[in-house]
>>> print(open('query.txt').read())   # compact mmCIF, C-alpha atoms and all ligand atoms
# COMPACT_ATOMS: atom_id res chain seq x y z
CA MET A 1227 -56.14 22.76 -18.37
CA ARG A 1228 -54.44 22.18 -15.06
CA ALA A 1229 -51.86 19.39 -15.12
CA ASP A 1230 -52.96 16.44 -13.07
CA PRO A 1231 -50.04 15.52 -10.81
CA CYS A 1232 -51.23 11.93 -10.79
CA VAL A 1233 -50.67 11.46 -14.51
CA ILE A 1234 -47.36 9.72 -14.94
CA THR A 1235 -45.44 10.42 -18.11
CA LEU A 1236 -45.25 7.20 -20.03
CA VAL A 1237 -41.69 6.29 -20.78
CA ASP A 1238 -40.85 4.43 -23.91
CA LEU A 1239 -39.04 1.49 -22.41
CA ASP A 1240 -38.00 0.09 -25.78
CA SER A 1241 -36.10 3.21 -26.72
CA LEU A 1242 -34.41 3.28 -23.30
CA LYS A 1243 -33.32 -0.33 -23.78
CA LYS A 1244 -32.05 0.61 -27.24
CA ILE A 1245 -29.86 3.29 -25.65
CA VAL A 1246 -28.49 0.67 -23.24
CA LYS A 1247 -27.63 -1.77 -26.03
CA GLU A 1248 -26.06 0.89 -28.22
CA THR A 1249 -24.01 2.23 -25.32
CA VAL A 1250 -22.71 -1.24 -24.47
CA ASP A 1251 -21.71 -1.79 -28.11
CA ALA A 1252 -20.04 1.60 -28.26
CA LYS A 1253 -18.19 0.96 -24.99
CA ARG A 1254 -17.15 -2.58 -25.90
CA PRO A 1255 -13.46 -1.62 -26.31
CA VAL A 1256 -13.46 -0.03 -22.84
CA LEU A 1257 -15.11 -3.09 -21.28
CA GLU A 1258 -12.81 -5.54 -23.05
CA ASP A 1259 -9.87 -3.45 -21.92
CA ILE A 1260 -11.02 -3.79 -18.28
CA ALA A 1261 -11.46 -7.55 -18.64
CA ARG A 1262 -8.08 -8.01 -20.34
CA TYR A 1263 -6.27 -5.83 -17.83
CA LEU A 1264 -7.71 -7.86 -14.95
CA TYR A 1265 -6.96 -11.14 -16.74
CA GLU A 1266 -3.36 -10.08 -17.22
CA ASN A 1267 -3.03 -8.72 -13.67
CA PRO A 1268 -4.88 -11.18 -11.45
CA GLU A 1269 -4.96 -10.11 -7.81
CA LEU A 1270 -6.11 -12.03 -4.75
CA GLY A 1271 -9.04 -10.84 -2.65
CA SER A 1272 -8.50 -7.71 -0.52
CA GLU A 1273 -5.45 -6.93 -2.68
CA GLU A 1274 -7.25 -5.98 -5.90
CA PHE A 1275 -5.64 -2.54 -6.02
CA LYS A 1276 -4.92 -2.48 -9.74
CA ALA A 1277 -8.42 -3.64 -10.61
CA PHE A 1278 -9.92 -1.15 -8.17
CA GLU A 1279 -7.96 1.76 -9.74
CA LYS A 1280 -8.86 0.73 -13.25
CA ILE A 1281 -12.57 0.23 -12.60
CA THR A 1282 -13.16 3.31 -10.46
CA LYS A 1283 -11.26 5.49 -12.96
CA VAL A 1284 -13.51 4.37 -15.82
CA LEU A 1285 -16.64 4.98 -13.74
CA GLU A 1286 -15.46 8.47 -12.77
CA GLU A 1287 -14.67 9.27 -16.39
CA HIS A 1288 -18.28 8.42 -17.16
CA GLY A 1289 -19.76 10.78 -14.63
CA PHE A 1290 -20.21 8.45 -11.67
CA LYS A 1291 -19.60 9.74 -8.18
CA VAL A 1292 -17.36 7.13 -6.58
CA GLU A 1293 -17.00 6.56 -2.87
CA LYS A 1294 -13.83 4.55 -2.34
CA GLY A 1295 -12.75 2.20 0.42
CA VAL A 1296 -16.20 1.84 1.96
CA TYR A 1297 -16.58 0.17 5.37
CA ASP A 1298 -12.79 0.09 5.86
CA MET A 1299 -12.28 -2.18 2.88
CA PRO A 1300 -9.64 -0.45 0.74
CA THR A 1301 -10.74 -2.12 -2.51
CA ALA A 1302 -14.50 -1.76 -2.09
CA PHE A 1303 -16.41 1.11 -3.66
CA VAL A 1304 -19.87 2.50 -4.29
CA ALA A 1305 -20.34 4.40 -7.56
CA SER A 1306 -23.57 6.25 -8.14
CA TYR A 1307 -25.31 8.09 -10.93
CA LYS A 1308 -28.54 9.95 -10.28
CA GLY A 1309 -31.51 10.31 -12.59
CA LYS A 1310 -33.78 13.34 -12.92
CA SER A 1311 -35.03 13.26 -9.34
CA ALA A 1312 -35.00 11.12 -6.23
CA GLY A 1313 -36.56 7.70 -6.64
CA PRO A 1314 -35.78 4.00 -6.48
CA ARG A 1315 -32.17 2.90 -6.18
CA VAL A 1316 -31.00 -0.05 -8.23
CA ALA A 1317 -27.56 -1.63 -8.21
CA VAL A 1318 -25.28 -3.91 -10.17
CA LEU A 1319 -22.44 -5.65 -8.37
CA ALA A 1320 -18.88 -6.01 -9.60
CA GLU A 1321 -16.36 -8.59 -8.36
CA TYR A 1322 -12.71 -8.47 -9.37
CA ASP A 1323 -10.71 -10.86 -7.18
CA ALA A 1324 -8.73 -13.75 -8.65
CA LEU A 1325 -7.62 -17.15 -7.39
CA PRO A 1326 -4.14 -18.38 -6.49
CA GLY A 1327 -2.59 -20.39 -9.31
CA VAL A 1328 -5.43 -20.11 -11.80
CA GLY A 1329 -5.77 -16.33 -12.04
CA HIS A 1330 -9.27 -15.38 -13.10
CA GLY A 1331 -10.39 -19.01 -13.02
CA CYS A 1332 -13.75 -17.87 -11.67
CA GLY A 1333 -14.17 -15.26 -14.42
CA HIS A 1334 -14.41 -12.24 -12.16
CA ASP A 1335 -12.57 -10.26 -14.85
CA LEU A 1336 -15.81 -10.41 -16.83
CA ILE A 1337 -17.97 -9.68 -13.79
CA ALA A 1338 -16.04 -6.45 -13.30
CA ALA A 1339 -16.39 -5.44 -16.96
CA SER A 1340 -20.12 -6.23 -16.99
CA GLY A 1341 -20.81 -4.30 -13.79
CA VAL A 1342 -19.05 -1.21 -15.12
CA GLY A 1343 -20.67 -1.57 -18.54
CA ALA A 1344 -24.19 -2.11 -17.22
CA GLY A 1345 -23.86 0.88 -14.91
CA ILE A 1346 -22.56 3.20 -17.63
CA ALA A 1347 -25.15 2.02 -20.17
CA ALA A 1348 -27.99 2.53 -17.67
CA SER A 1349 -26.68 5.99 -16.77
CA LYS A 1350 -26.99 7.04 -20.42
CA ALA A 1351 -30.65 6.01 -20.47
CA ILE A 1352 -32.01 7.31 -17.15
CA GLY A 1353 -31.81 11.05 -17.77
CA ASP A 1354 -35.59 11.48 -17.68
CA LEU A 1355 -36.26 8.95 -14.94
CA ALA A 1356 -36.43 9.28 -11.19
CA GLY A 1357 -33.97 7.21 -9.22
CA GLU A 1358 -30.37 6.22 -9.06
CA VAL A 1359 -28.08 3.57 -10.55
CA LEU A 1360 -25.26 2.20 -8.43
CA VAL A 1361 -22.26 0.08 -9.28
CA ILE A 1362 -21.04 -1.54 -6.09
CA GLY A 1363 -17.54 -2.96 -6.03
CA THR A 1364 -17.47 -6.01 -3.78
CA PRO A 1365 -13.94 -7.41 -3.27
CA ALA A 1366 -12.71 -10.78 -2.05
CA GLU A 1367 -15.66 -12.95 -3.05
CA GLU A 1368 -13.35 -15.96 -2.95
CA GLY A 1369 -12.74 -15.33 0.73
CA HIS A 1370 -9.16 -14.06 0.86
CA GLY A 1371 -7.83 -11.42 3.24
CA PRO A 1372 -9.56 -9.01 5.59
CA SER A 1373 -12.29 -8.07 3.09
CA ALA A 1374 -13.25 -11.74 2.59
CA GLY A 1375 -16.94 -12.11 1.79
CA SER A 1376 -17.25 -8.34 1.45
CA LYS A 1377 -20.93 -8.57 0.50
CA VAL A 1378 -21.62 -9.89 4.00
CA ILE A 1379 -19.78 -6.93 5.50
CA ILE A 1380 -21.59 -4.48 3.21
CA THR A 1381 -24.94 -6.13 3.91
CA ASP A 1382 -24.36 -6.16 7.67
CA HIS A 1383 -23.63 -2.41 7.56
CA GLY A 1384 -27.09 -1.89 6.10
CA MET A 1385 -25.98 -0.70 2.67
CA PHE A 1386 -28.65 -2.76 0.95
CA ASP A 1387 -31.45 -1.68 3.28
CA ASP A 1388 -32.30 1.26 1.07
CA ILE A 1389 -31.54 -0.31 -2.27
CA ASP A 1390 -34.60 -1.58 -4.14
CA GLY A 1391 -33.16 -4.09 -6.58
CA VAL A 1392 -29.80 -5.73 -7.28
CA VAL A 1393 -28.50 -7.67 -10.28
CA MET A 1394 -25.24 -9.26 -11.32
CA LEU A 1395 -23.81 -11.97 -13.54
CA HIS A 1396 -21.27 -14.74 -13.24
CA PRO A 1397 -19.38 -16.55 -16.00
CA SER A 1398 -20.18 -20.22 -16.43
CA SER A 1399 -20.51 -22.93 -19.06
CA SER A 1400 -24.25 -22.39 -19.56
CA TRP A 1401 -26.85 -19.61 -19.61
CA GLY A 1402 -29.22 -19.24 -16.68
CA VAL A 1403 -31.01 -16.75 -14.46
CA GLY A 1404 -32.13 -17.31 -10.88
CA SER A 1405 -30.00 -20.20 -9.68
CA GLN A 1406 -30.11 -21.00 -6.00
CA ALA A 1407 -27.16 -21.05 -3.63
CA LEU A 1408 -26.66 -22.92 -0.40
CA GLY A 1409 -26.25 -21.08 2.84
CA ILE A 1410 -23.14 -22.13 4.72
CA SER A 1411 -22.37 -21.93 8.41
CA LYS A 1412 -19.40 -23.18 10.35
CA CYS A 1413 -19.23 -25.01 13.63
CA ASN A 1414 -15.91 -25.45 15.34
CA MET A 1415 -15.46 -27.61 18.45
CA ILE A 1416 -12.43 -27.56 20.70
CA PHE A 1417 -12.39 -30.42 23.21
CA LYS A 1418 -10.20 -30.13 26.29
CA GLY A 1419 -9.39 -33.10 28.53
CA GLN A 1420 -6.47 -34.34 30.61
CA THR A 1421 -3.25 -35.97 29.41
CA SER A 1422 -2.03 -39.11 31.06
CA HIS A 1423 0.20 -42.12 30.27
CA ALA A 1424 -1.89 -44.13 27.83
CA ALA A 1425 -0.77 -47.51 29.30
CA ALA A 1426 0.41 -46.88 32.86
CA SER A 1427 -2.29 -44.49 34.05
CA PRO A 1428 -5.14 -44.25 31.51
CA HIS A 1429 -7.60 -43.95 34.38
CA LEU A 1430 -6.15 -40.53 35.21
CA GLY A 1431 -6.73 -39.16 31.72
CA ARG A 1432 -9.72 -37.62 29.98
CA ASN A 1433 -9.57 -38.24 26.26
CA ALA A 1434 -10.39 -35.21 24.10
CA LEU A 1435 -9.93 -37.19 20.87
CA ASN A 1436 -12.56 -39.72 21.90
CA ALA A 1437 -14.99 -36.89 22.47
CA ALA A 1438 -14.11 -35.38 19.08
CA THR A 1439 -14.63 -38.75 17.40
CA LEU A 1440 -17.96 -39.19 19.11
CA ALA A 1441 -19.06 -35.70 18.06
CA TYR A 1442 -17.96 -36.45 14.49
CA MET A 1443 -19.96 -39.69 14.40
CA ALA A 1444 -23.02 -38.20 16.13
CA THR A 1445 -23.09 -35.45 13.53
CA HIS A 1446 -23.00 -38.06 10.76
CA MET A 1447 -26.01 -39.74 12.35
CA LEU A 1448 -28.05 -36.54 12.07
CA ARG A 1449 -28.17 -37.11 8.33
CA GLN A 1450 -30.76 -39.87 8.71
CA GLU A 1451 -33.32 -37.31 9.81
CA ALA A 1452 -32.33 -34.55 7.42
CA ARG A 1453 -35.08 -32.77 5.52
CA ARG A 1454 -34.70 -34.03 1.98
CA ASP A 1455 -35.99 -30.85 0.35
CA ALA A 1456 -33.50 -28.63 2.16
CA ASN A 1457 -30.33 -29.81 0.38
CA LEU A 1458 -28.43 -30.37 3.59
CA VAL A 1459 -24.69 -30.93 3.23
CA ILE A 1460 -22.38 -31.51 6.18
CA HIS A 1461 -18.63 -31.72 5.73
CA GLY A 1462 -16.20 -31.97 8.59
CA ILE A 1463 -12.60 -32.72 9.50
CA ILE A 1464 -10.67 -33.41 12.68
CA THR A 1465 -7.88 -30.85 12.63
CA GLU A 1466 -6.19 -31.78 15.90
CA GLY A 1467 -6.25 -35.13 17.66
CA GLY A 1468 -3.29 -35.53 19.96
CA THR A 1469 0.48 -35.50 19.76
CA ALA A 1470 1.67 -39.04 20.51
CA ASN A 1471 -0.18 -42.34 20.80
CA ASN A 1472 1.18 -43.02 24.28
CA ILE A 1473 -0.35 -39.83 25.66
CA ILE A 1474 -4.08 -39.52 26.17
CA PRO A 1475 -4.90 -36.42 24.13
CA ASP A 1476 -6.00 -33.41 26.15
CA ARG A 1477 -6.96 -31.43 23.06
CA ALA A 1478 -8.84 -32.25 19.87
CA VAL A 1479 -10.52 -30.00 17.35
CA VAL A 1480 -13.34 -30.75 14.90
CA ASP A 1481 -14.36 -28.30 12.23
CA PHE A 1482 -17.66 -28.60 10.36
CA GLY A 1483 -19.14 -26.80 7.38
CA ILE A 1484 -22.92 -27.10 7.22
CA ARG A 1485 -24.93 -26.05 4.18
CA SER A 1486 -28.58 -25.88 3.21
CA SER A 1487 -30.81 -24.06 0.77
CA ASP A 1488 -33.15 -23.13 3.65
CA GLN A 1489 -31.55 -20.54 5.92
CA GLU A 1490 -33.83 -21.16 8.91
CA TYR A 1491 -33.32 -24.90 8.68
CA LEU A 1492 -29.59 -24.33 8.39
CA ASP A 1493 -29.55 -22.40 11.67
CA GLU A 1494 -31.53 -25.22 13.27
CA MET A 1495 -29.08 -27.85 11.99
CA VAL A 1496 -26.06 -25.89 13.22
CA ASP A 1497 -27.61 -25.99 16.70
CA LYS A 1498 -28.10 -29.75 16.36
CA VAL A 1499 -24.47 -30.25 15.30
CA ALA A 1500 -23.37 -28.16 18.28
CA ARG A 1501 -25.50 -30.38 20.50
CA CYS A 1502 -23.56 -33.41 19.22
CA GLY A 1503 -20.42 -31.70 20.48
CA GLU A 1504 -21.95 -30.94 23.87
CA GLY A 1505 -23.26 -34.50 24.22
CA ALA A 1506 -19.92 -36.03 23.30
CA ALA A 1507 -18.11 -33.83 25.81
CA LEU A 1508 -20.56 -34.83 28.53
CA ALA A 1509 -20.19 -38.53 27.71
CA MET A 1510 -16.38 -38.40 27.76
CA GLY A 1511 -16.09 -36.08 30.74
CA VAL A 1512 -14.19 -33.35 28.89
CA GLU A 1513 -14.85 -29.68 28.28
CA VAL A 1514 -15.86 -28.28 24.94
CA GLU A 1515 -15.76 -24.82 23.41
CA ILE A 1516 -18.12 -24.47 20.48
CA THR A 1517 -18.07 -21.60 17.99
CA LYS A 1518 -20.90 -21.21 15.51
CA ASN A 1519 -20.51 -18.82 12.59
CA ARG A 1520 -22.97 -17.85 9.93
CA PHE A 1521 -20.84 -17.56 6.83
CA TYR A 1522 -22.81 -17.10 3.60
CA SER A 1523 -26.61 -17.12 3.53
CA SER A 1524 -28.68 -19.16 1.13
CA LYS A 1525 -30.11 -17.28 -1.82
CA LYS A 1526 -33.59 -15.87 -1.47
CA ILE A 1527 -34.95 -16.16 -4.98
CA ASN A 1528 -37.14 -13.26 -6.10
CA HIS A 1529 -39.38 -14.31 -8.98
CA PRO A 1530 -40.30 -10.84 -10.30
CA MET A 1531 -36.62 -9.84 -10.39
CA VAL A 1532 -35.55 -13.13 -11.96
CA ARG A 1533 -38.33 -12.95 -14.57
CA THR A 1534 -37.34 -9.41 -15.56
CA LEU A 1535 -33.64 -10.15 -15.87
CA TRP A 1536 -34.35 -13.41 -17.69
CA GLN A 1537 -36.53 -11.68 -20.29
CA ASN A 1538 -33.70 -9.28 -21.07
CA TYR A 1539 -31.45 -12.24 -21.85
CA LYS A 1540 -34.16 -14.08 -23.76
CA ASP A 1541 -34.89 -11.04 -25.95
CA GLN A 1542 -31.30 -11.11 -27.15
CA GLY A 1543 -31.79 -14.61 -28.54
CA VAL A 1544 -29.37 -16.50 -26.29
CA PRO A 1545 -30.38 -20.05 -25.29
CA VAL A 1546 -31.08 -19.20 -21.68
CA LYS A 1547 -32.79 -21.97 -19.74
CA ASP A 1548 -36.39 -21.27 -18.69
CA TRP A 1549 -36.10 -19.46 -15.37
CA HIS A 1550 -38.75 -21.67 -13.72
CA GLU A 1551 -36.42 -24.60 -14.30
CA THR A 1552 -33.38 -22.73 -12.97
CA VAL A 1553 -35.02 -21.52 -9.76
CA ASN A 1554 -36.04 -25.09 -9.02
CA SER A 1555 -32.74 -26.75 -9.82
CA MET A 1556 -30.47 -28.07 -7.13
CA PRO A 1557 -28.15 -25.48 -5.53
CA MET A 1558 -24.51 -26.51 -5.71
CA ALA A 1559 -22.35 -23.89 -4.05
CA SER A 1560 -22.42 -20.87 -1.75
CA THR A 1561 -21.79 -17.19 -2.38
CA ASP A 1562 -21.81 -13.92 -0.46
CA TYR A 1563 -24.44 -12.76 -2.97
CA GLY A 1564 -26.78 -14.94 -0.88
CA ASN A 1565 -26.53 -12.43 1.97
CA VAL A 1566 -27.48 -9.61 -0.38
CA SER A 1567 -30.50 -11.59 -1.58
CA GLN A 1568 -31.71 -11.96 2.00
CA LYS A 1569 -31.80 -8.17 2.36
CA THR A 1570 -33.14 -6.87 -0.92
CA PRO A 1571 -34.89 -8.18 -4.06
CA SER A 1572 -32.20 -9.47 -6.37
CA ALA A 1573 -31.43 -11.66 -9.35
CA GLY A 1574 -28.26 -13.35 -10.47
CA SER A 1575 -27.40 -14.76 -13.87
CA TYR A 1576 -24.91 -17.04 -15.56
CA ILE A 1577 -23.36 -16.35 -18.93
CA LYS A 1578 -21.93 -19.12 -21.09
CA ILE A 1579 -18.28 -18.38 -21.85
CA ALA A 1580 -16.94 -21.93 -22.24
CA PRO A 1581 -17.98 -25.38 -23.49
CA GLU A 1582 -20.50 -27.16 -21.26
CA GLY A 1583 -18.73 -29.05 -18.50
CA THR A 1584 -15.71 -26.73 -18.25
CA PRO A 1585 -14.78 -26.77 -14.56
CA GLY A 1586 -15.05 -23.61 -12.50
CA HIS A 1587 -11.90 -22.37 -10.75
CA SER A 1588 -9.75 -23.60 -13.61
CA LYS A 1589 -7.19 -22.20 -16.02
CA GLN A 1590 -9.57 -23.21 -18.84
CA LEU A 1591 -12.31 -20.95 -17.50
CA ALA A 1592 -9.83 -18.10 -17.01
CA ASP A 1593 -8.66 -18.42 -20.62
CA ALA A 1594 -12.26 -18.72 -21.83
CA SER A 1595 -12.92 -15.22 -20.53
CA MET A 1596 -10.59 -13.86 -23.21
CA THR A 1597 -12.03 -15.82 -26.16
CA LYS A 1598 -14.51 -14.33 -28.60
CA GLU A 1599 -17.23 -16.52 -27.06
CA GLY A 1600 -16.35 -15.24 -23.61
CA LEU A 1601 -16.27 -11.58 -24.55
CA ASP A 1602 -19.43 -11.85 -26.67
CA ALA A 1603 -21.21 -13.45 -23.70
CA MET A 1604 -19.99 -10.65 -21.44
CA ILE A 1605 -21.51 -8.13 -23.84
CA VAL A 1606 -24.87 -9.97 -23.89
CA GLY A 1607 -24.84 -10.15 -20.09
CA THR A 1608 -23.88 -6.49 -19.73
CA LYS A 1609 -26.80 -5.49 -21.94
CA ALA A 1610 -29.20 -7.70 -19.98
CA LEU A 1611 -28.05 -6.20 -16.66
CA GLY A 1612 -28.16 -2.65 -18.00
CA MET A 1613 -31.61 -3.09 -19.52
CA THR A 1614 -32.89 -4.56 -16.28
CA LEU A 1615 -31.59 -1.62 -14.22
CA VAL A 1616 -33.35 0.78 -16.57
CA GLU A 1617 -36.54 -1.28 -16.67
CA LEU A 1618 -36.73 -1.29 -12.87
CA LEU A 1619 -36.52 2.50 -12.78
CA ALA A 1620 -38.87 2.99 -15.73
CA LYS A 1621 -41.48 0.59 -14.35
CA PRO A 1622 -41.52 0.99 -10.55
CA GLU A 1623 -44.44 -1.45 -10.45
CA ILE A 1624 -41.90 -4.26 -11.00
CA LEU A 1625 -39.97 -3.13 -7.92
CA LYS A 1626 -43.23 -2.95 -6.00
CA GLU A 1627 -44.09 -6.49 -7.06
CA ALA A 1628 -40.55 -7.61 -6.18
CA LYS A 1629 -40.84 -6.05 -2.73
CA GLU A 1630 -44.20 -7.71 -2.12
CA TYR A 1631 -42.77 -11.03 -3.23
CA PHE A 1632 -39.73 -10.48 -1.00
CA ASP A 1633 -41.88 -9.70 2.03
CA SER A 1634 -44.15 -12.68 1.54
CA HIS A 1635 -41.48 -15.38 0.97
ZN ZN B 1 -15.25 -18.75 -7.39
ZN ZN B 2 -16.93 -16.48 -8.76
>>> encode(input="query.txt", output="structure tokens")
Amino acid sequence: MRADPCVITLVDLDSLKKIVKETVDAKRPVLEDIARYLYENPELGSEEFKAFEKITKVLEEHGFKVEKGVYDMPTAFVASYKGKSAGPRVAVLAEYDALPGVGHGCGHDLIAASGVGAGIAASKAIGDLAGEVLVIGTPAEEGHGPSAGSKVIITDHGMFDDIDGVVMLHPSSSWGVGSQALGISKCNMIFKGQTSHAAASPHLGRNALNAATLAYMATHMLRQEARRDANLVIHGIITEGGTANNIIPDRAVVDFGIRSSDQEYLDEMVDKVARCGEGAALAMGVEVEITKNRFYSSKKINHPMVRTLWQNYKDQGVPVKDWHETVNSMPMASTDYGNVSQKTPSAGSYIKIAPEGTPGHSKQLADASMTKEGLDAMIVGTKALGMTLVELLAKPEILKEAKEYFDSH
């Protein structure tokens, strides 16, 4: 009988997932060693040279082809491992930058270990599958140095355009999959007027500080009309406002951060804030220079991706919150992972490494990453990420569904 090329060999997903779990358990000492090494050698963003060496070495030892220093970022990398033939490309992201003063207070030591572990575990299971697993090293998530927000740089270079699905995890004080993130943009206003003696000749001056104050207040007034479902946050400061009270200030600077869970609405609001600056300048008869910057995008939640990743946590028996609840909960912060999510179907997850209520960016969270609870959680998360990578390659219909969802939302 002639083989029908349309008959797809059924893969036994359960046994592939078993390979992932067993590999993660077997590699636990290697993964813990990565986490501990990073914990003991915290490096700021763009300067994560030790972490970069350590991580890329382990990936190379496990058969990954590693491209180092991508897009002129010395500590960024793309590691890849190919399956049987060409096919979908799925990726896990690794972060490894620390914070000043509190070391790995954001737990990126565990993110690095989980990215490496999930990639290696998936590589052991995909021998008979079409496609490719990538571990992408994304430095400076905390925004330090020239590679700050590296995922934005990588995304803008089109790296994610031909990647079909992305996953990652982040340490936290609870379990969750699919949380939202606020987009953040910046709007900076430099007002330029004319100095003059504030008592003797005020009529010859043009007051830049008055314009800045007016812009600041006008921006506050926008809040009244804010869309309540879009989680708008505006935070601003006046960074320059004159040099002496007897001189009418000829220069004042206002700096705003504007956030929202709706990227389009965020862009609209940034324009409105800028208009407050223009209006204030007009009213006070000064000039204004306005710079608008898109910083991090909001997260585009992809239900099929979230559901798949969530199930791989749930199946391990951890008390992960129902994903429907997580995707609908209020977004609190911003991340460069948001930019990735705007380009390709993705899912993020939180692993519980510390008691509920432990603050992020703290010494407590850093230390929690080295406790048994922290390392156990990293192992659970690594398995969930690895199983998801394999599941996406073994069941391309999930990626198809994810793409359709992505295109229609
Ligand atoms: Zn952080
Ligand atoms: Zn973080």
>>> residues_around(input="query.txt", residues="segment 1501-1507 of chain A", least_positions_apart="3", cutoff="10 Å", atoms="only C-alpha atoms", output="PyMOL selection string")
chain A and resi 1413-1419+1433-1434+1436-1448+1480+1495-1498+1510-1516
>>> closest_atom_pairs(input="query.txt", of="chain A", to="ligand ZN 1 (chain B)", cutoff="9 Å", atoms="all atoms listed in the file", output="CSV")
residue,atom,partner,partner_atom,distance
A:Ala1324,CA,B:ZN1,ZN,8.3
A:Leu1325,CA,B:ZN1,ZN,7.8
A:His1330,CA,B:ZN1,ZN,8.9
A:Gly1331,CA,B:ZN1,ZN,7.4
A:Cys1332,CA,B:ZN1,ZN,4.6
A:Gly1333,CA,B:ZN1,ZN,7.9
A:His1334,CA,B:ZN1,ZN,8.1
A:Glu1367,CA,B:ZN1,ZN,7.3
A:Glu1368,CA,B:ZN1,ZN,5.6
A:Thr1561,CA,B:ZN1,ZN,8.4
A:Gly1586,CA,B:ZN1,ZN,7.1
A:His1587,CA,B:ZN1,ZN,6.0
>>> closest_residue(input="query.txt", among="A:Gln1542, A:Asn1554, A:Asn1267, A:Ser1575", to="ligand ZN 2 (chain B)", atoms="all atoms listed in the file")
A:Ser1575
>>> atom_distance(input="query.txt", atom1="atom CA of Gln1489 of chain A", atom2="atom CA of Phe1521 of chain A")
11.2 Å
>>> closest_residue(input="query.txt", among="A:Ala1305, A:Val1237, A:Ile1624, A:Leu1395", to="ligand ZN 2 (chain B)", atoms="all atoms listed in the file")
A:Leu1395
>>> residues_around(input="query.txt", residues="Ser1411 of chain A", least_positions_apart="6", cutoff="7 Å", atoms="all atoms listed in the file", output="VMD selection string")
chain A and resid 1483 to 1485 1519 to 1522
>>> write_last_selection(input="query.txt", atoms="C-alpha atoms", output="mmCIF file, in the coordinates of the input")
data_model
loop_
_atom_site.group_PDB
_atom_site.id
_atom_site.type_symbol
_atom_site.label_atom_id
_atom_site.label_comp_id
_atom_site.auth_asym_id
_atom_site.auth_seq_id
_atom_site.Cartn_x
_atom_site.Cartn_y
_atom_site.Cartn_z
ATOM 1 C CA GLY A 1483 -19.140 -26.800 7.380
ATOM 2 C CA ILE A 1484 -22.920 -27.100 7.220
ATOM 3 C CA ARG A 1485 -24.930 -26.050 4.180
ATOM 4 C CA ASN A 1519 -20.510 -18.820 12.590
ATOM 5 C CA ARG A 1520 -22.970 -17.850 9.930
ATOM 6 C CA PHE A 1521 -20.840 -17.560 6.830
ATOM 7 C CA TYR A 1522 -22.810 -17.100 3.600
#
>>> closest_residue(input="query.txt", among="A:Gly1402, A:Leu1257, A:His1396, A:Ile1362", to="Glu1293 of chain A", atoms="all atoms listed in the file")
A:Ile1362
>>> atom_distance(input="query.txt", atom1="atom CA of Asn1565 of chain A", atom2="atom CA of Ile1379 of chain A")
9.4 Å
>>> closest_atom_pairs(input="query.txt", of="segment 1535-1590 of chain A", to="segment 1452-1473 of chain A", cutoff="12 Å", atoms="only C-alpha atoms", output="tab-separated table")
residue	atom	partner	partner_atom	distance
A:Asn1554	CA	A:Asp1455	CA	11.0
A:Ser1555	CA	A:Asn1457	CA	10.9
A:Met1556	CA	A:Asn1457	CA	7.7
A:Pro1557	CA	A:Asn1457	CA	7.6
A:Met1558	CA	A:Asn1457	CA	9.0
A:Ala1559	CA	A:Val1459	CA	10.4
A:Ser1560	CA	A:Val1459	CA	11.5
>>> residues_around(input="query.txt", residues="Ile1579 of chain A", least_positions_apart="4", cutoff="6 Å", atoms="only C-alpha atoms", output="number ranges by chain")
A: 1399, 1599-1600
>>> closest_residue(input="query.txt", among="A:Ile1380, A:Leu1625, A:Ala1348, A:Ala1339", to="Asp1298 of chain A", atoms="only C-alpha atoms")
A:Ile1380
>>> closest_residue(input="query.txt", among="A:Val1499, A:Leu1336, A:Val1546, A:Ser1487", to="ligand ZN 2 (chain B)", atoms="all atoms listed in the file")
A:Leu1336
>>> atom_distance(input="query.txt", atom1="atom CA of Val1566 of chain A", atom2="atom CA of Lys1377 of chain A")
6.7 Å
>>> residues_around(input="query.txt", residues="Val1392 of chain A", least_positions_apart="2", cutoff="12 Å", atoms="all atoms listed in the file", output="ChimeraX atom specification")
/A:1314-1320,1341,1344-1345,1359-1362,1385-1390,1394-1395,1527-1528,1531-1532,1534-1535,1563-1575,1611-1612,1614-1616,1618-1619,1625,1628-1629
>>> axis_aligned_box(input="query.txt", around="segment 1510-1516 of chain A", padding_each_side="8 Å", output="AutoDock Vina command-line options")
--center_x -16.2 --center_y -31.4 --center_z 25.6 --size_x 19.9 --size_y 29.9 --size_z 26.3
>>> residues_around(input="query.txt", residues="Glu1490 of chain A", least_positions_apart="6", cutoff="10 Å", atoms="all atoms listed in the file", output="short mmCIF file (atom, residue, chain, number, x, y, z; two decimals) with C-alpha atoms, keeping the file's coordinate frame")
data_model
loop_
_atom_site.label_atom_id
_atom_site.label_comp_id
_atom_site.auth_asym_id
_atom_site.auth_seq_id
_atom_site.Cartn_x
_atom_site.Cartn_y
_atom_site.Cartn_z
CA GLY A 1409 -26.25 -21.08 2.84
CA SER A 1523 -26.61 -17.12 3.53
CA SER A 1524 -28.68 -19.16 1.13
#
>>> closest_residue(input="query.txt", among="A:Gly1404, A:Pro1397, A:Gly1271, A:Gly1295", to="Lys1578 of chain A", atoms="only C-alpha atoms")
A:Pro1397
